[in-house]
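Asks: Take a look at this one; I'll ask things after.
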Amino acid sequence: MSTRHFLSLLDFSSDDLKSLINHAIDVKQKLKQGVSHTPLSGKLLAMIFEKSSTRTRVSFEAGMYQLGGHAMFLSPRDSHLGRGEPIEDSARVISSMVDGILIRTFGHDRIEALAAHSRVPVINGLSDLLHPCQLLADMQTWFEQRGDIAGASVAWIGDGNNMCHSYINAAIRFDFALRIACPPDHKPDPSLLASAGDRVSLHATALEAARGADLIVTDVWASMGQEEEQKQRLEIFADYQVNREVMSQANDDALFMHCLPAHRGEEVTSEVLESSQSVIWQEAENRLHAQKALLEKLLA
Ligand code: CP
Ligand code: NVA
């Protein structure tokens with residue numbers, strides 16, 4: 001049987017994703033009750049980080065520990081990954097010694113090359129194209145707060161980036177409507193958009209996208225690797241801030257999510273981030289629980 005990877009939400013069926021989220025809710029409860037759950041005893045996860053991280057690193061490392069396994073951090077600075085050893089060769093070597101590989105990097109093709117040459121499951125911990133692990137946590141958070149998301153209306157406001165792309169994939173797998181508002185030159189990938197059909201729509205303004213939404217989501221205006229564009233992007237995205245006015249267009253019980261880190265006063269106001277509609281801390285904590293369910297599915 002070929003090795004199962006998690007490079008995109010689309011690698012899993014809708015049923016797989018829903019049962020994974022239910023399992024995540026279950027492992028969360030076990031942890032809170034102090035019940036030991038160690039199905040990954042003796043298993044090792046290599047974690048390659050070619051970009052910075054707080055949540056992804058801490059949640060995967062804590063998750064492996066809690067499941068009875070161990071995680072090993074690798075960075076390009078102190079391995080041969082940063083000295084030109086091909087990712088294909090690194091994949092063959094690393095996967096001969098560990099049970100799974102997590103990678104956060106720039107080009108998505110680098111993750112695909114790693115997976116193609118790895119004998120063990122590869123998990124996408126964020127690429128320039130996608131951030132599927134974050135969506136597991138976001139969907140878990142929604143399911144905990146509101147139940148099934150099928151048929152709900154979700155507004156994505158800001159950059160048509162890796163998070164926006166994963167929301168498009170989530171709209172396909174979880175069957176919700178996604179209303180996107182991005183500056184004209186920062187729209188999501190056209191082929192991804194086309195793959196979602198009429199579940200996903202583009203809107204001219206943030207206010208229009210937010211109208212009647214059950215969930216409003218945004219992310220930083222300059223992603224990792226775009227630091228030099230930061231100043232220019234502040235101007236381009238100025239009309240795409242999630243603020244009180246944007247939230248007022250949504251349904252009264254709408255939730256607000258942000259994968260974090262957030263830039264208060266840029267893509268979202270402090271007021272919205274700290275409001276009772278904001279579930280950002282639950283969302284961040286659920287990275288741990290959702291990924292434990294993922295690790296168990298792929299590595300156990
Ligand atoms: N949301 C997220 O992936 O956070 P980190 O960059 O801190 O891992
Ligand atoms: N879009 C952001 C997400 C960070 C978790 C980035 O890629 O930097």
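Please note that chains go A, B, ... in the order of the structure tokens, that every chain numbers its residues from 1, and that ligands are numbered from 1 in the order shown.
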Per residue of stretch 16-67 of chain A within 12 Å of stretch 107-114 of chain A, record the nearest atom pair and its distance in Å to one decimal, counting only C-alpha atoms, with rows in chain order and ascending residue number, as CSV.

Replies:
residue,atom,partner,partner_atom,distance
A:Ile48,CA,A:Ile111,CA,10.5
A:Phe49,CA,A:Ile111,CA,11.6
A:Glu50,CA,A:Gly107,CA,10.6
A:Lys51,CA,A:Gly107,CA,11.3

Asks: With all heavy atoms retained, write the just-selected residues as a CSV table (one decimal), in the first residue's frame.

Replies:
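Done, and the output landed in result.csv:
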chain,number,residue,atom,x,y,z
A,48,ILE,N,10.8,19.4,10.1
A,48,ILE,CA,11.7,20.3,9.4
A,48,ILE,C,11.0,21.7,9.3
A,48,ILE,O,9.9,21.8,8.7
A,48,ILE,CB,11.9,19.8,7.9
A,48,ILE,CG1,12.5,18.4,8.0
A,48,ILE,CG2,12.7,20.7,7.1
A,48,ILE,CD1,12.5,17.7,6.6
A,49,PHE,N,11.6,22.7,9.8
A,49,PHE,CA,11.1,24.0,9.8
A,49,PHE,C,12.0,24.9,9.0
A,49,PHE,O,13.1,25.3,9.4
A,49,PHE,CB,10.9,24.6,11.2
A,49,PHE,CG,9.6,24.1,11.8
A,49,PHE,CD1,9.6,23.0,12.6
A,49,PHE,CD2,8.4,24.8,11.6
A,49,PHE,CE1,8.5,22.5,13.2
A,49,PHE,CE2,7.2,24.3,12.2
A,49,PHE,CZ,7.3,23.2,13.0
A,50,GLU,N,11.6,25.3,7.7
A,50,GLU,CA,12.4,26.2,6.9
A,50,GLU,C,11.8,27.6,7.0
A,50,GLU,O,12.3,28.5,6.3
A,50,GLU,CB,12.5,25.7,5.5
A,50,GLU,CG,13.1,24.3,5.4
A,50,GLU,CD,13.4,23.8,4.1
A,50,GLU,OE1,12.6,24.0,3.1
A,50,GLU,OE2,14.4,23.1,3.9
A,51,LYS,N,10.8,27.8,7.8
A,51,LYS,CA,10.2,29.1,8.2
A,51,LYS,C,10.0,29.1,9.7
A,51,LYS,O,9.9,28.0,10.3
A,51,LYS,CB,8.9,29.3,7.5
A,51,LYS,CG,8.9,29.6,6.0
A,51,LYS,CD,7.5,29.7,5.5
A,51,LYS,CE,7.4,30.1,4.0
A,51,LYS,NZ,6.1,30.0,3.5

Asks: Would you mind listing what lies within 7 Å of stretch 22-37 of chain A as a PyMOL selection string, with only C-alpha atoms counted and same-chain residues fewer than 3 positions away left out?

Replies: chain A and resi 18-19+67+289-290+292-293

Asks: Determine, counting only C-alpha atoms, which protein, DNA and RNA residues have an atom within 8 Å of an atom of A:Asp214; residues of the same chain fewer than 3 positions away are not included. Present the result as a list in words.

Replies: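 Selected residues are Ala152, Ser153, Val154, Ala155, Ala250, Asn251, Asp253, Ala254 and Leu255 of chain A.
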
Asks: Just write the chosen residues, all heavy atoms, as an mmCIF file, in the first residue's frame.

Replies:
data_model
loop_
_atom_site.group_PDB
_atom_site.id
_atom_site.type_symbol
_atom_site.label_atom_id
_atom_site.label_comp_id
_atom_site.auth_asym_id
_atom_site.auth_seq_id
_atom_site.Cartn_x
_atom_site.Cartn_y
_atom_site.Cartn_z
ATOM 1 N N ALA A 152 -23.174 26.528 6.200
ATOM 2 C CA ALA A 152 -22.887 27.835 6.811
ATOM 3 C C ALA A 152 -22.248 28.769 5.778
ATOM 4 O O ALA A 152 -21.807 28.339 4.707
ATOM 5 C CB ALA A 152 -21.956 27.661 8.009
ATOM 6 N N SER A 153 -22.203 30.056 6.129
ATOM 7 C CA SER A 153 -21.598 31.053 5.244
ATOM 8 C C SER A 153 -20.352 31.610 5.923
ATOM 9 O O SER A 153 -20.423 32.146 7.032
ATOM 10 C CB SER A 153 -22.635 32.157 4.992
ATOM 11 O OG SER A 153 -22.044 33.195 4.266
ATOM 12 N N VAL A 154 -19.209 31.450 5.254
ATOM 13 C CA VAL A 154 -17.918 31.869 5.823
ATOM 14 C C VAL A 154 -17.347 32.992 4.966
ATOM 15 O O VAL A 154 -17.352 32.882 3.735
ATOM 16 C CB VAL A 154 -16.933 30.674 5.850
ATOM 17 C CG1 VAL A 154 -15.574 31.100 6.405
ATOM 18 C CG2 VAL A 154 -17.504 29.506 6.665
ATOM 19 N N ALA A 155 -16.875 34.063 5.598
ATOM 20 C CA ALA A 155 -16.258 35.162 4.834
ATOM 21 C C ALA A 155 -14.756 35.164 5.067
ATOM 22 O O ALA A 155 -14.303 35.164 6.219
ATOM 23 C CB ALA A 155 -16.853 36.495 5.272
ATOM 24 N N ALA A 250 -22.177 40.817 9.604
ATOM 25 C CA ALA A 250 -22.349 39.368 9.766
ATOM 26 C C ALA A 250 -23.547 39.084 10.662
ATOM 27 O O ALA A 250 -24.129 39.998 11.261
ATOM 28 C CB ALA A 250 -21.079 38.783 10.375
ATOM 29 N N ASN A 251 -23.924 37.810 10.761
ATOM 30 C CA ASN A 251 -25.013 37.437 11.675
ATOM 31 C C ASN A 251 -24.597 37.753 13.109
ATOM 32 O O ASN A 251 -23.406 37.786 13.435
ATOM 33 C CB ASN A 251 -25.321 35.943 11.518
ATOM 34 C CG ASN A 251 -25.979 35.672 10.177
ATOM 35 O OD1 ASN A 251 -26.629 36.555 9.618
ATOM 36 N ND2 ASN A 251 -25.781 34.485 9.650
ATOM 37 N N ASP A 253 -24.607 36.106 15.798
ATOM 38 C CA ASP A 253 -23.820 35.102 16.536
ATOM 39 C C ASP A 253 -22.602 34.646 15.739
ATOM 40 O O ASP A 253 -22.052 33.576 15.999
ATOM 41 C CB ASP A 253 -24.706 33.913 16.918
ATOM 42 C CG ASP A 253 -25.212 33.163 15.691
ATOM 43 O OD1 ASP A 253 -25.090 33.701 14.564
ATOM 44 O OD2 ASP A 253 -25.710 32.033 15.854
ATOM 45 N N ALA A 254 -22.174 35.451 14.763
ATOM 46 C CA ALA A 254 -21.017 35.067 13.942
ATOM 47 C C ALA A 254 -19.763 34.966 14.806
ATOM 48 O O ALA A 254 -19.608 35.705 15.786
ATOM 49 C CB ALA A 254 -20.796 36.092 12.831
ATOM 50 N N LEU A 255 -18.888 34.040 14.430
ATOM 51 C CA LEU A 255 -17.598 33.889 15.119
ATOM 52 C C LEU A 255 -16.506 34.562 14.298
ATOM 53 O O LEU A 255 -16.657 34.760 13.090
ATOM 54 C CB LEU A 255 -17.261 32.409 15.303
ATOM 55 C CG LEU A 255 -18.230 31.575 16.148
ATOM 56 C CD1 LEU A 255 -17.781 30.107 16.184
ATOM 57 C CD2 LEU A 255 -18.313 32.133 17.570
#

Asks: Counting only C-alpha atoms and all ligand atoms, which protein, DNA or RNA residues come within 9 Å of ligand 1, given as a list of chain:residue names?

Replies: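 Counting only C-alpha atoms and all ligand atoms, the residues within 9 Å of ligand 1 come out as A:Lys51, A:Ser52, A:Ser53, A:Thr54, A:Arg55, A:Thr56, A:Arg57, A:Val58, A:Ser59, A:Arg104, A:Gly125, A:Leu126, A:His131, A:Cys133, A:Gln134, A:Met224, A:His258, A:Cys259, A:Leu260, A:Pro261, A:Ala284, A:Arg287.
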
Asks: Determine the nearest neighbour of A:Leu10 from the options A:Ala210, A:Val268, A:Ala181, A:Ile168, counting only C-alpha atoms.

Replies: A:Ile168

Asks: Can you check which residues of stretch 192-283 of chain A DSSP gives as alpha helix (DSSP H) on the backbone and send them as an MDAnalysis selection string?

Replies: chainID A and resid 192:195 206:210 230:236 244:249 270:273 280:283

Asks: Using Å and a single decimal, report how far atom CA of A:His80 sits from atom CA of A:Pro121.

Replies: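 Separation between atom CA of A:Pro121 and atom CA of A:His80: 21.0 Å.
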
Asks: Name the residues of stretch 107-274 of chain A that fall into strand (DSSP E or B) according to DSSP on the backbone, using the chain letters and numbers of this document, as a PDB file with C-alpha atoms, in the first residue's frame.

Replies:
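File written: states.pdb
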ATOM      1  CA  VAL A 122       4.626  13.526   5.323  1.00  0.00           C
ATOM      2  CA  ILE A 123       2.561  16.317   6.906  1.00  0.00           C
ATOM      3  CA  ASN A 124       2.370  19.824   5.450  1.00  0.00           C
ATOM      4  CA  SER A 153     -21.598  31.053   5.244  1.00  0.00           C
ATOM      5  CA  VAL A 154     -17.918  31.869   5.823  1.00  0.00           C
ATOM      6  CA  ALA A 155     -16.258  35.162   4.834  1.00  0.00           C
ATOM      7  CA  TRP A 156     -12.548  35.318   4.066  1.00  0.00           C
ATOM      8  CA  ILE A 157     -11.257  38.893   4.107  1.00  0.00           C
ATOM      9  CA  ALA A 177     -20.258  28.691   1.251  1.00  0.00           C
ATOM     10  CA  LEU A 178     -17.097  30.807   1.167  1.00  0.00           C
ATOM     11  CA  ARG A 179     -17.342  34.524   0.350  1.00  0.00           C
ATOM     12  CA  ILE A 180     -13.932  36.025  -0.400  1.00  0.00           C
ATOM     13  CA  ALA A 181     -12.916  39.713  -0.495  1.00  0.00           C
ATOM     14  CA  VAL A 200     -16.886  29.945  -3.409  1.00  0.00           C
ATOM     15  CA  SER A 201     -17.627  33.506  -4.555  1.00  0.00           C
ATOM     16  CA  LEU A 202     -15.491  36.637  -4.920  1.00  0.00           C
ATOM     17  CA  LEU A 215     -17.860  33.054  10.465  1.00  0.00           C
ATOM     18  CA  ILE A 216     -15.375  35.791   9.531  1.00  0.00           C
ATOM     19  CA  VAL A 217     -11.745  34.837   8.994  1.00  0.00           C
ATOM     20  CA  THR A 218      -8.632  36.796   8.164  1.00  0.00           C
ATOM     21  CA  VAL A 242     -11.833  43.218   9.921  1.00  0.00           C
ATOM     22  CA  LEU A 255     -17.598  33.889  15.119  1.00  0.00           C
ATOM     23  CA  PHE A 256     -14.231  35.435  14.281  1.00  0.00           C
ATOM     24  CA  MET A 257     -11.101  33.346  13.587  1.00  0.00           C
ATOM     25  CA  HIS A 258      -7.459  34.142  12.813  1.00  0.00           C
ATOM     26  CA  ARG A 264      -3.480  44.281  15.755  1.00  0.00           C
ATOM     27  CA  VAL A 268      -7.952  43.113  12.429  1.00  0.00           C
TER      28      VAL A 268
END

Asks: Which neighbours of A:Ile101 fall inside 6 Å, counting only C-alpha atoms, when residues of the same chain fewer than 2 positions from it are skipped, and could you give them as a PyMOL selection string?

Replies: chain A and resi 45-47+122

Asks: Rank nothing, just name the residue among A:Arg4, A:His165, A:Arg233, A:Lys43 nearest to ligand 2, using only C-alpha atoms and all ligand atoms.

Replies: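 The answer is A:His165, which sits nearest to ligand 2.
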
Asks: I'd like to know which of A:Phe176, A:Phe237, A:Phe106, A:Phe143 is closest to ligand 2, using only C-alpha atoms and all ligand atoms.

Replies: A:Phe106

Asks: Between A:Glu227, A:Asp252, A:Asp198, A:Asp148, which residue has the minimum interatomic distance to ligand 2, considering only C-alpha atoms and all ligand atoms?

Replies: A:Glu227

Asks: Could you check which of A:Asp16, A:Glu267, A:Glu245, A:Asp175 is closest to ligand 2, using only C-alpha atoms and all ligand atoms?

Replies: A:Glu267

Asks: Could you work out how far atom CA of A:Gly225 lies from atom CA of A:Arg92, giving the answer in Å with one decimal?

Replies: 27.2 Å

Asks: Quick one: pull the distance between atom CA of A:Ala91 and atom CA of A:Ser127, Å, one decimal.

Replies: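 These atoms are spaced 16.8 Å apart.
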
Asks: Residues within 9 Å of A:Gln249, please, as a PyMOL selection string. Count only C-alpha atoms; anything in the same chain fewer than 6 positions from it doesn't count.

Replies: chain A and resi 207-213
